[in-house]
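Next comes run22.pdb, a file with PDB, C-alpha atoms, pLDDT in the B column.
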ATOM      1  CA  MET A   1       0.000   0.000   0.000  1.00 43.00           C
ATOM      2  CA  MET A   2       1.279   3.443  -0.825  1.00 51.00           C
ATOM      3  CA  LYS A   3       1.995   5.591   2.193  1.00 67.00           C
ATOM      4  CA  HIS A   4      -0.061   8.742   2.527  1.00 91.00           C
ATOM      5  CA  PHE A   5       2.793  10.765   3.888  1.00 97.00           C
ATOM      6  CA  THR A   6       6.547  10.348   3.537  1.00 98.00           C
ATOM      7  CA  ILE A   7       9.615  12.411   4.342  1.00 98.00           C
ATOM      8  CA  THR A   8      12.884  12.373   2.425  1.00 98.00           C
ATOM      9  CA  LYS A   9      15.876  13.920   4.121  1.00 97.00           C
ATOM     10  CA  ARG A  10      18.840  15.517   2.363  1.00 97.00           C
ATOM     11  CA  GLN A  11      21.801  17.550   3.511  1.00 95.00           C
ATOM     12  CA  GLU A  12      23.161  20.632   1.752  1.00 94.00           C
ATOM     13  CA  GLU A  13      26.336  21.620   3.642  1.00 92.00           C
ATOM     14  CA  HIS A  14      25.115  22.467   7.160  1.00 94.00           C
ATOM     15  CA  ILE A  15      21.462  22.694   6.148  1.00 97.00           C
ATOM     16  CA  ALA A  16      19.032  19.801   6.542  1.00 98.00           C
ATOM     17  CA  ILE A  17      16.356  19.627   3.860  1.00 98.00           C
ATOM     18  CA  LEU A  18      13.160  17.710   4.474  1.00 98.00           C
ATOM     19  CA  GLU A  19      11.032  16.980   1.448  1.00 98.00           C
ATOM     20  CA  ILE A  20       7.547  16.268   2.703  1.00 98.00           C
ATOM     21  CA  ASN A  21       5.289  14.302   0.381  1.00 98.00           C
ATOM     22  CA  GLY A  22       1.591  13.473   0.445  1.00 98.00           C
ATOM     23  CA  GLU A  23      -0.995  14.358   3.045  1.00 98.00           C
ATOM     24  CA  LEU A  24      -0.066  15.895   6.400  1.00 98.00           C
ATOM     25  CA  ASP A  25      -2.976  15.552   8.833  1.00 97.00           C
ATOM     26  CA  ALA A  26      -3.680  14.524  12.436  1.00 97.00           C
ATOM     27  CA  HIS A  27      -2.759  10.944  11.552  1.00 97.00           C
ATOM     28  CA  THR A  28       0.570  11.614   9.849  1.00 97.00           C
ATOM     29  CA  ALA A  29       1.781  14.684  11.790  1.00 97.00           C
ATOM     30  CA  PHE A  30       3.801  12.553  14.252  1.00 97.00           C
ATOM     31  CA  GLN A  31       6.167  11.559  11.435  1.00 97.00           C
ATOM     32  CA  LEU A  32       7.199  15.179  10.896  1.00 98.00           C
ATOM     33  CA  GLU A  33       7.398  15.673  14.641  1.00 97.00           C
ATOM     34  CA  GLN A  34       9.838  12.759  14.953  1.00 98.00           C
ATOM     35  CA  GLN A  35      12.016  14.252  12.226  1.00 98.00           C
ATOM     36  CA  PHE A  36      12.220  17.600  14.025  1.00 97.00           C
ATOM     37  CA  LYS A  37      13.075  15.813  17.286  1.00 97.00           C
ATOM     38  CA  THR A  38      15.849  13.841  15.565  1.00 97.00           C
ATOM     39  CA  LEU A  39      17.232  16.992  13.954  1.00 97.00           C
ATOM     40  CA  ILE A  40      17.335  18.779  17.315  1.00 97.00           C
ATOM     41  CA  GLU A  41      19.030  15.761  18.951  1.00 97.00           C
ATOM     42  CA  THR A  42      21.708  15.781  16.262  1.00 97.00           C
ATOM     43  CA  GLU A  43      22.110  19.559  16.617  1.00 96.00           C
ATOM     44  CA  ALA A  44      20.904  20.212  13.068  1.00 97.00           C
ATOM     45  CA  TYR A  45      19.107  23.489  13.601  1.00 97.00           C
ATOM     46  CA  HIS A  46      19.145  24.878  10.056  1.00 98.00           C
ATOM     47  CA  ILE A  47      16.179  23.279   8.387  1.00 98.00           C
ATOM     48  CA  ILE A  48      14.353  23.764   5.104  1.00 98.00           C
ATOM     49  CA  VAL A  49      11.051  22.004   4.597  1.00 98.00           C
ATOM     50  CA  ASN A  50      10.457  21.631   0.864  1.00 98.00           C
ATOM     51  CA  CYS A  51       6.708  21.308   0.301  1.00 98.00           C
ATOM     52  CA  SER A  52       6.712  20.754  -3.487  1.00 98.00           C
ATOM     53  CA  ASN A  53       5.052  17.336  -3.149  1.00 98.00           C
ATOM     54  CA  LEU A  54       2.859  18.205  -0.197  1.00 98.00           C
ATOM     55  CA  GLU A  55      -0.652  17.689  -1.514  1.00 97.00           C
ATOM     56  CA  TYR A  56      -2.629  18.510   1.604  1.00 98.00           C
ATOM     57  CA  ILE A  57      -2.175  20.014   5.061  1.00 98.00           C
ATOM     58  CA  ALA A  58      -4.558  20.266   8.023  1.00 98.00           C
ATOM     59  CA  SER A  59      -4.042  22.276  11.220  1.00 96.00           C
ATOM     60  CA  ALA A  60      -2.482  19.265  12.995  1.00 96.00           C
ATOM     61  CA  GLY A  61       0.353  19.550  10.478  1.00 97.00           C
ATOM     62  CA  LEU A  62       0.703  23.277  11.062  1.00 96.00           C
ATOM     63  CA  GLY A  63       0.766  22.499  14.792  1.00 95.00           C
ATOM     64  CA  VAL A  64       4.060  20.629  14.376  1.00 96.00           C
ATOM     65  CA  PHE A  65       5.696  23.743  12.901  1.00 96.00           C
ATOM     66  CA  MET A  66       4.260  25.770  15.792  1.00 94.00           C
ATOM     67  CA  ALA A  67       5.638  23.386  18.420  1.00 94.00           C
ATOM     68  CA  TYR A  68       9.274  23.435  17.247  1.00 95.00           C
ATOM     69  CA  ILE A  69       9.970  26.856  15.714  1.00 95.00           C
ATOM     70  CA  GLU A  70      10.663  28.606  19.022  1.00 94.00           C
ATOM     71  CA  ASP A  71      13.135  25.962  20.267  1.00 94.00           C
ATOM     72  CA  ILE A  72      14.970  25.861  16.957  1.00 97.00           C
ATOM     73  CA  ARG A  73      15.228  29.657  16.722  1.00 96.00           C
ATOM     74  CA  ASN A  74      16.456  29.838  20.332  1.00 96.00           C
ATOM     75  CA  LEU A  75      19.189  27.374  19.352  1.00 96.00           C
ATOM     76  CA  GLY A  76      20.308  29.724  16.575  1.00 96.00           C
ATOM     77  CA  GLY A  77      18.555  28.018  13.701  1.00 97.00           C
ATOM     78  CA  ASP A  78      15.323  28.288  11.784  1.00 98.00           C
ATOM     79  CA  ILE A  79      12.715  26.222   9.985  1.00 98.00           C
ATOM     80  CA  LYS A  80      12.219  27.738   6.545  1.00 98.00           C
ATOM     81  CA  LEU A  81       9.522  26.561   4.188  1.00 98.00           C
ATOM     82  CA  SER A  82       9.662  26.432   0.406  1.00 98.00           C
ATOM     83  CA  ASN A  83       7.902  25.320  -2.788  1.00 98.00           C
ATOM     84  CA  MET A  84       4.351  25.395  -1.475  1.00 98.00           C
ATOM     85  CA  THR A  85       1.520  24.848  -3.925  1.00 97.00           C
ATOM     86  CA  ASP A  86      -1.136  27.587  -3.931  1.00 96.00           C
ATOM     87  CA  GLY A  87      -3.579  25.324  -2.073  1.00 96.00           C
ATOM     88  CA  VAL A  88      -1.144  24.528   0.742  1.00 97.00           C
ATOM     89  CA  TYR A  89      -0.017  28.175   0.985  1.00 97.00           C
ATOM     90  CA  HIS A  90      -3.665  29.205   1.338  1.00 97.00           C
ATOM     91  CA  VAL A  91      -3.963  27.157   4.569  1.00 97.00           C
ATOM     92  CA  PHE A  92      -0.743  28.609   6.027  1.00 97.00           C
ATOM     93  CA  ASP A  93      -1.984  32.049   5.068  1.00 96.00           C
ATOM     94  CA  LEU A  94      -5.428  31.610   6.692  1.00 95.00           C
ATOM     95  CA  LEU A  95      -3.693  30.940  10.012  1.00 93.00           C
ATOM     96  CA  GLY A  96      -1.314  33.892   9.732  1.00 93.00           C
ATOM     97  CA  PHE A  97       1.898  31.941   9.193  1.00 94.00           C
ATOM     98  CA  PRO A  98       3.496  34.185   6.532  1.00 96.00           C
ATOM     99  CA  SER A  99       4.183  36.955   9.054  1.00 94.00           C
ATOM    100  CA  LEU A 100       5.909  34.611  11.528  1.00 93.00           C
ATOM    101  CA  TYR A 101       7.610  32.022   9.318  1.00 96.00           C
ATOM    102  CA  ASP A 102      10.205  32.410   6.591  1.00 97.00           C
ATOM    103  CA  ILE A 103       8.427  31.097   3.505  1.00 98.00           C
ATOM    104  CA  HIS A 104      10.282  31.011   0.160  1.00 98.00           C
ATOM    105  CA  ARG A 105       9.228  30.434  -3.393  1.00 97.00           C
ATOM    106  CA  ASP A 106      11.852  27.752  -3.938  1.00 97.00           C
ATOM    107  CA  GLU A 107      14.534  25.825  -2.149  1.00 97.00           C
ATOM    108  CA  SER A 108      17.512  27.743  -3.564  1.00 97.00           C
ATOM    109  CA  GLU A 109      16.012  31.011  -2.302  1.00 97.00           C
ATOM    110  CA  ALA A 110      15.618  29.421   1.160  1.00 97.00           C
ATOM    111  CA  LEU A 111      19.224  28.144   1.028  1.00 97.00           C
ATOM    112  CA  ASN A 112      20.465  31.602   0.052  1.00 96.00           C
ATOM    113  CA  SER A 113      18.633  33.196   2.933  1.00 96.00           C
ATOM    114  CA  PHE A 114      20.398  30.837   5.367  1.00 94.00           C
ATOM    115  CA  ASN A 115      23.760  31.524   3.745  1.00 86.00           C
ATOM    116  CA  THR A 116      23.394  35.285   3.938  1.00 84.00           C
ATOM    117  CA  GLN A 117      22.544  34.943   7.649  1.00 70.00           C
ATOM    118  CA  LYS A 118      25.783  33.070   8.397  1.00 56.00           C
TER
ATOM    119  CA  MET B   1     -33.668  23.600   5.569  1.00 48.00           C
ATOM    120  CA  LYS B   2     -31.890  20.523   4.362  1.00 50.00           C
ATOM    121  CA  ALA B   3     -32.426  19.288   0.831  1.00 49.00           C
ATOM    122  CA  SER B   4     -33.733  15.857   0.032  1.00 56.00           C
ATOM    123  CA  THR B   5     -30.567  14.637  -1.720  1.00 77.00           C
ATOM    124  CA  SER B   6     -27.992  13.890   0.901  1.00 91.00           C
ATOM    125  CA  HIS B   7     -25.246  11.364   1.549  1.00 95.00           C
ATOM    126  CA  SER B   8     -24.002  10.009   4.840  1.00 97.00           C
ATOM    127  CA  ILE B   9     -21.418   7.701   6.390  1.00 97.00           C
ATOM    128  CA  ASN B  10     -20.720   6.434   9.880  1.00 98.00           C
ATOM    129  CA  VAL B  11     -17.015   6.321  10.703  1.00 98.00           C
ATOM    130  CA  SER B  12     -15.116   5.118  13.745  1.00 98.00           C
ATOM    131  CA  SER B  13     -13.460   7.903  15.701  1.00 98.00           C
ATOM    132  CA  SER B  14      -9.829   7.451  14.737  1.00 98.00           C
ATOM    133  CA  THR B  15      -7.423   9.601  12.739  1.00 97.00           C
ATOM    134  CA  GLU B  16      -6.646   6.535  10.648  1.00 96.00           C
ATOM    135  CA  HIS B  17      -9.990   7.168   8.928  1.00 97.00           C
ATOM    136  CA  LEU B  18      -9.224  10.794   8.033  1.00 97.00           C
ATOM    137  CA  ARG B  19      -8.354   9.923   4.479  1.00 97.00           C
ATOM    138  CA  GLU B  20     -11.571   7.927   4.070  1.00 97.00           C
ATOM    139  CA  VAL B  21     -13.548  10.908   5.411  1.00 98.00           C
ATOM    140  CA  ARG B  22     -11.849  13.300   2.983  1.00 98.00           C
ATOM    141  CA  ASN B  23     -12.488  10.890   0.106  1.00 97.00           C
ATOM    142  CA  PHE B  24     -16.174  10.658   1.048  1.00 97.00           C
ATOM    143  CA  VAL B  25     -16.504  14.448   1.061  1.00 97.00           C
ATOM    144  CA  GLN B  26     -14.623  14.802  -2.206  1.00 97.00           C
ATOM    145  CA  LYS B  27     -16.689  12.137  -3.967  1.00 96.00           C
ATOM    146  CA  TYR B  28     -20.053  13.676  -3.147  1.00 94.00           C
ATOM    147  CA  VAL B  29     -19.232  17.384  -3.064  1.00 94.00           C
ATOM    148  CA  GLN B  30     -17.769  17.050  -6.560  1.00 92.00           C
ATOM    149  CA  GLN B  31     -21.189  15.924  -7.782  1.00 90.00           C
ATOM    150  CA  PHE B  32     -22.622  19.290  -6.742  1.00 88.00           C
ATOM    151  CA  ASP B  33     -20.476  21.093  -9.297  1.00 83.00           C
ATOM    152  CA  VAL B  34     -18.442  23.239  -6.885  1.00 91.00           C
ATOM    153  CA  ASN B  35     -15.183  24.914  -7.885  1.00 93.00           C
ATOM    154  CA  LYS B  36     -11.834  23.408  -6.837  1.00 94.00           C
ATOM    155  CA  ASN B  37     -11.131  26.067  -4.229  1.00 95.00           C
ATOM    156  CA  ASP B  38     -14.490  25.604  -2.496  1.00 96.00           C
ATOM    157  CA  LEU B  39     -14.105  21.824  -2.680  1.00 97.00           C
ATOM    158  CA  ASP B  40     -10.674  21.994  -0.993  1.00 97.00           C
ATOM    159  CA  GLU B  41     -12.028  24.297   1.716  1.00 97.00           C
ATOM    160  CA  ILE B  42     -15.005  22.046   2.460  1.00 98.00           C
ATOM    161  CA  ILE B  43     -12.757  18.956   2.668  1.00 98.00           C
ATOM    162  CA  LEU B  44     -10.423  20.739   5.107  1.00 98.00           C
ATOM    163  CA  ALA B  45     -13.315  22.005   7.259  1.00 98.00           C
ATOM    164  CA  VAL B  46     -14.716  18.474   7.583  1.00 98.00           C
ATOM    165  CA  ASP B  47     -11.240  17.086   8.375  1.00 98.00           C
ATOM    166  CA  GLU B  48     -10.850  19.671  11.157  1.00 97.00           C
ATOM    167  CA  ALA B  49     -14.336  19.042  12.586  1.00 98.00           C
ATOM    168  CA  TYR B  50     -13.844  15.260  12.531  1.00 98.00           C
ATOM    169  CA  THR B  51     -10.369  15.575  14.120  1.00 97.00           C
ATOM    170  CA  ASN B  52     -11.806  17.793  16.876  1.00 96.00           C
ATOM    171  CA  ILE B  53     -14.511  15.226  17.628  1.00 97.00           C
ATOM    172  CA  ILE B  54     -11.895  12.441  17.886  1.00 97.00           C
ATOM    173  CA  LYS B  55      -9.675  14.478  20.194  1.00 95.00           C
ATOM    174  CA  HIS B  56     -12.128  16.464  22.282  1.00 94.00           C
ATOM    175  CA  ALA B  57     -15.574  14.818  22.163  1.00 96.00           C
ATOM    176  CA  TYR B  58     -14.229  11.247  22.339  1.00 97.00           C
ATOM    177  CA  ASN B  59     -10.845  11.869  23.971  1.00 96.00           C
ATOM    178  CA  ASN B  60      -9.113   9.660  21.354  1.00 96.00           C
ATOM    179  CA  ASP B  61     -11.314   6.632  22.054  1.00 97.00           C
ATOM    180  CA  PRO B  62     -11.353   4.809  18.681  1.00 97.00           C
ATOM    181  CA  ASN B  63     -14.435   2.735  19.558  1.00 97.00           C
ATOM    182  CA  GLN B  64     -16.906   5.589  19.094  1.00 98.00           C
ATOM    183  CA  THR B  65     -18.772   6.622  15.970  1.00 98.00           C
ATOM    184  CA  VAL B  66     -19.068   9.860  14.041  1.00 98.00           C
ATOM    185  CA  LYS B  67     -21.891  10.350  11.559  1.00 98.00           C
ATOM    186  CA  ILE B  68     -21.185  12.615   8.615  1.00 98.00           C
ATOM    187  CA  GLU B  69     -23.950  13.828   6.314  1.00 97.00           C
ATOM    188  CA  LEU B  70     -23.805  16.276   3.455  1.00 97.00           C
ATOM    189  CA  GLY B  71     -26.091  17.756   0.872  1.00 95.00           C
ATOM    190  CA  THR B  72     -27.207  20.952  -0.830  1.00 93.00           C
ATOM    191  CA  SER B  73     -30.137  23.290  -0.564  1.00 89.00           C
ATOM    192  CA  THR B  74     -30.502  25.966  -3.250  1.00 86.00           C
ATOM    193  CA  ASP B  75     -27.078  27.667  -3.487  1.00 90.00           C
ATOM    194  CA  THR B  76     -25.676  26.234  -0.255  1.00 95.00           C
ATOM    195  CA  LEU B  77     -23.729  23.110   0.538  1.00 96.00           C
ATOM    196  CA  TRP B  78     -24.105  21.807   4.085  1.00 97.00           C
ATOM    197  CA  VAL B  79     -22.175  19.217   6.059  1.00 98.00           C
ATOM    198  CA  GLN B  80     -23.205  17.924   9.447  1.00 98.00           C
ATOM    199  CA  LEU B  81     -21.117  15.827  11.861  1.00 98.00           C
ATOM    200  CA  SER B  82     -22.735  14.158  14.869  1.00 98.00           C
ATOM    201  CA  ASP B  83     -21.174  12.531  17.928  1.00 98.00           C
ATOM    202  CA  THR B  84     -22.254  11.347  21.362  1.00 98.00           C
ATOM    203  CA  GLY B  85     -19.176  12.507  23.283  1.00 97.00           C
ATOM    204  CA  PHE B  86     -18.338  15.607  25.302  1.00 94.00           C
ATOM    205  CA  HIS B  87     -20.148  18.735  24.215  1.00 90.00           C
ATOM    206  CA  PHE B  88     -18.130  21.586  22.657  1.00 84.00           C
ATOM    207  CA  ASN B  89     -18.997  24.956  24.112  1.00 82.00           C
ATOM    208  CA  ALA B  90     -18.666  27.376  21.210  1.00 77.00           C
ATOM    209  CA  ASP B  91     -19.470  30.339  23.491  1.00 76.00           C
ATOM    210  CA  GLU B  92     -16.226  29.838  25.410  1.00 78.00           C
ATOM    211  CA  TYR B  93     -14.112  29.631  22.282  1.00 81.00           C
ATOM    212  CA  GLN B  94     -11.397  32.272  21.883  1.00 79.00           C
ATOM    213  CA  PRO B  95      -9.653  32.791  18.535  1.00 81.00           C
ATOM    214  CA  PRO B  96      -5.988  31.741  18.744  1.00 85.00           C
ATOM    215  CA  ASP B  97      -3.110  34.203  18.909  1.00 88.00           C
ATOM    216  CA  LEU B  98      -0.506  32.488  16.714  1.00 88.00           C
ATOM    217  CA  LEU B  99       2.497  34.408  18.091  1.00 89.00           C
ATOM    218  CA  LYS B 100       1.543  33.660  21.690  1.00 90.00           C
ATOM    219  CA  ARG B 101       1.001  29.993  20.901  1.00 89.00           C
ATOM    220  CA  ILE B 102       4.393  29.698  19.240  1.00 88.00           C
ATOM    221  CA  LYS B 103       6.093  31.363  22.231  1.00 88.00           C
ATOM    222  CA  ASN B 104       4.317  28.957  24.586  1.00 86.00           C
ATOM    223  CA  LYS B 105       5.014  25.987  22.253  1.00 83.00           C
ATOM    224  CA  GLN B 106       1.313  25.281  22.115  1.00 82.00           C
ATOM    225  CA  ARG B 107      -0.237  23.548  19.217  1.00 81.00           C
ATOM    226  CA  GLY B 108      -3.789  22.715  18.331  1.00 76.00           C
ATOM    227  CA  GLY B 109      -6.760  24.939  18.903  1.00 81.00           C
ATOM    228  CA  MET B 110      -6.496  26.130  15.328  1.00 91.00           C
ATOM    229  CA  GLY B 111      -9.150  23.814  13.910  1.00 93.00           C
ATOM    230  CA  VAL B 112     -12.221  25.744  15.065  1.00 93.00           C
ATOM    231  CA  TYR B 113     -10.716  29.009  13.851  1.00 93.00           C
ATOM    232  CA  LEU B 114      -9.970  27.428  10.482  1.00 95.00           C
ATOM    233  CA  ILE B 115     -13.500  26.002  10.163  1.00 96.00           C
ATOM    234  CA  ASN B 116     -14.946  29.476  10.802  1.00 95.00           C
ATOM    235  CA  LYS B 117     -12.707  30.932   8.087  1.00 95.00           C
ATOM    236  CA  LEU B 118     -13.428  28.190   5.558  1.00 97.00           C
ATOM    237  CA  MET B 119     -17.208  27.992   5.888  1.00 98.00           C
ATOM    238  CA  ASP B 120     -19.896  30.689   5.690  1.00 97.00           C
ATOM    239  CA  SER B 121     -21.797  29.546   8.766  1.00 97.00           C
ATOM    240  CA  VAL B 122     -21.132  27.113  11.599  1.00 97.00           C
ATOM    241  CA  GLU B 123     -23.693  26.023  14.195  1.00 96.00           C
ATOM    242  CA  TYR B 124     -23.165  23.789  17.196  1.00 95.00           C
ATOM    243  CA  SER B 125     -26.091  22.135  18.928  1.00 95.00           C
ATOM    244  CA  SER B 126     -26.874  19.344  21.383  1.00 95.00           C
ATOM    245  CA  ALA B 127     -30.012  17.268  21.759  1.00 94.00           C
ATOM    246  CA  GLY B 128     -30.009  14.489  24.312  1.00 94.00           C
ATOM    247  CA  LYS B 129     -26.641  12.747  24.049  1.00 95.00           C
ATOM    248  CA  THR B 130     -26.014  13.861  20.481  1.00 97.00           C
ATOM    249  CA  ASN B 131     -23.855  16.844  19.574  1.00 97.00           C
ATOM    250  CA  THR B 132     -23.887  18.215  16.061  1.00 97.00           C
ATOM    251  CA  ILE B 133     -21.873  20.702  14.096  1.00 97.00           C
ATOM    252  CA  LEU B 134     -23.634  21.996  11.000  1.00 97.00           C
ATOM    253  CA  MET B 135     -21.471  23.871   8.516  1.00 98.00           C
ATOM    254  CA  ARG B 136     -22.686  25.683   5.428  1.00 98.00           C
ATOM    255  CA  LYS B 137     -20.947  27.165   2.435  1.00 97.00           C
ATOM    256  CA  ARG B 138     -22.472  29.088  -0.461  1.00 95.00           C
ATOM    257  CA  ILE B 139     -21.457  27.462  -3.723  1.00 90.00           C
TER
END
Translate the structure described by the file into structure tokens.
Amino acid sequence: MMKHFTITKRQEEHIAILEINGELDAHTAFQLEQQFKTLIETEAYHIIVNCSNLEYIASAGLGVFMAYIEDIRNLGGDIKLSNMTDGVYHVFDLLGFPSLYDIHRDESEALNSFNTQK
Amino acid sequence: MKASTSHSINVSSSTEHLREVRNFVQKYVQQFDVNKNDLDEIILAVDEAYTNIIKHAYNNDPNQTVKIELGTSTDTLWVQLSDTGFHFNADEYQPPDLLKRIKNKQRGGMGVYLINKLMDSVEYSSAGKTNTILMRKRI
């Protein structure tokens, strides 16, 4: 059976890139949560979440970003988001995320914004 | 007023059925000739309402049942979810302050706010042991 939600992890120098694929809801949100926990444990605080293959997000998925952003920023890092489809961006926008999260059109723009912060 | 043509399912109260619930909504709402944006918003609103029932009305007990019904009347699509768990008091609901929640590392509590944004009207009611949320959207 095909999984409804998967995460692929890549590394670009000191930046961890999570490609999230499929449907992020109250059933699958723990998978993203576990990834953030692992990244914090391994002191990888510079994170880009590439949403190009994210087909759907519910507030439980947004809740995971809410739960970890403060810790990661306090540790000197950030969670940046990129490549959202219009539909997914609409949900982030309804909840006011664009004013509090660093959301980029594409991954290279997100990478550049980390590199200029160094 | 509810129209005569409606569809319903009974689903167990577990997040593992979320996808099935979304598929049910998609299948029948599509038949009412709604645009893609409205369809996506209705699916998300039902997902949020169903998730809230699982978490708050039934306290994550997977052995309970949620009834979901949907239909149209004139230019309005309606969806109703019913449960027999704890009653949600809409009067005590406060809209979330995202910044404050992030600072306090809180999550959740965004579902009701989202439902209100996605749908044109939302009514909560209780009769006997049954709680219902009735959501409407002009299409």
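Atom CA of Leu81 of chain A to atom CA of Met66 of chain A spans 12.8 Å [interatomic distance, one decimal].
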Restrict the distance test to all atoms listed in the file, flag each residue of chain A within 6 Å of chain B, and return the flagged residues as a ChimeraX atom specification.
/A:27,59,63,66-67
Show me, as a ChimeraX atom specification, the residues that have an atom within 10 Å of Ser113 of chain A when counting only C-alpha atoms, minus same-chain residues fewer than 6 positions from it.
/A:80,102,104,107
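With atom CA of Gly85 of chain B on one side and atom CA of Gln64 of chain B on the other, the separation reads 8.4 Å.
The smallest atom-to-atom distance between Ile69 of chain A and any of A:Thr38, A:Gly87, A:Tyr101, A:Ile48, using all atoms listed in the file, is found for A:Tyr101.
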Will you model N, CA and C atoms for segment 59-78 of chain A and pass it back as a short mmCIF file (atom, residue, chain, number, x, y, z; two decimals), in the frame of the given file?
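The resulting result17.cif:
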data_model
loop_
_atom_site.label_atom_id
_atom_site.label_comp_id
_atom_site.auth_asym_id
_atom_site.auth_seq_id
_atom_site.Cartn_x
_atom_site.Cartn_y
_atom_site.Cartn_z
N SER A 59 -4.65 21.48 10.13
CA SER A 59 -4.04 22.28 11.22
C SER A 59 -3.14 21.44 12.12
N ALA A 60 -3.37 20.12 12.20
CA ALA A 60 -2.48 19.26 13.00
C ALA A 60 -1.06 19.30 12.43
N GLY A 61 -0.96 19.43 11.12
CA GLY A 61 0.35 19.55 10.48
C GLY A 61 0.99 20.89 10.78
N LEU A 62 0.20 21.94 10.73
CA LEU A 62 0.70 23.28 11.06
C LEU A 62 1.13 23.33 12.52
N GLY A 63 0.44 22.55 13.37
CA GLY A 63 0.77 22.50 14.79
C GLY A 63 2.18 22.01 15.05
N VAL A 64 2.69 21.13 14.20
CA VAL A 64 4.06 20.63 14.38
C VAL A 64 5.07 21.77 14.15
N PHE A 65 4.81 22.59 13.14
CA PHE A 65 5.70 23.74 12.90
C PHE A 65 5.62 24.72 14.08
N MET A 66 4.44 24.86 14.65
CA MET A 66 4.26 25.77 15.79
C MET A 66 5.01 25.28 17.02
N ALA A 67 5.06 23.95 17.20
CA ALA A 67 5.64 23.39 18.42
C ALA A 67 7.16 23.46 18.45
N TYR A 68 7.81 23.51 17.28
CA TYR A 68 9.27 23.44 17.25
C TYR A 68 9.99 24.71 16.84
N ILE A 69 9.29 25.67 16.26
CA ILE A 69 9.97 26.86 15.71
C ILE A 69 10.70 27.65 16.80
N GLU A 70 10.07 27.79 17.96
CA GLU A 70 10.66 28.61 19.02
C GLU A 70 11.96 27.97 19.53
N ASP A 71 11.94 26.67 19.80
CA ASP A 71 13.14 25.96 20.27
C ASP A 71 14.26 26.10 19.25
N ILE A 72 13.93 25.86 17.99
CA ILE A 72 14.97 25.86 16.96
C ILE A 72 15.55 27.27 16.77
N ARG A 73 14.71 28.28 16.84
CA ARG A 73 15.23 29.66 16.72
C ARG A 73 16.08 30.01 17.94
N ASN A 74 15.66 29.57 19.12
CA ASN A 74 16.46 29.84 20.33
C ASN A 74 17.82 29.16 20.28
N LEU A 75 17.92 28.09 19.50
CA LEU A 75 19.19 27.37 19.35
C LEU A 75 20.00 27.95 18.19
N GLY A 76 19.55 29.05 17.63
CA GLY A 76 20.31 29.72 16.58
C GLY A 76 19.94 29.29 15.16
N GLY A 77 18.93 28.49 15.03
CA GLY A 77 18.56 28.02 13.70
C GLY A 77 17.21 28.57 13.25
N ASP A 78 16.65 27.90 12.26
CA ASP A 78 15.32 28.29 11.78
C ASP A 78 14.72 27.11 11.00
#
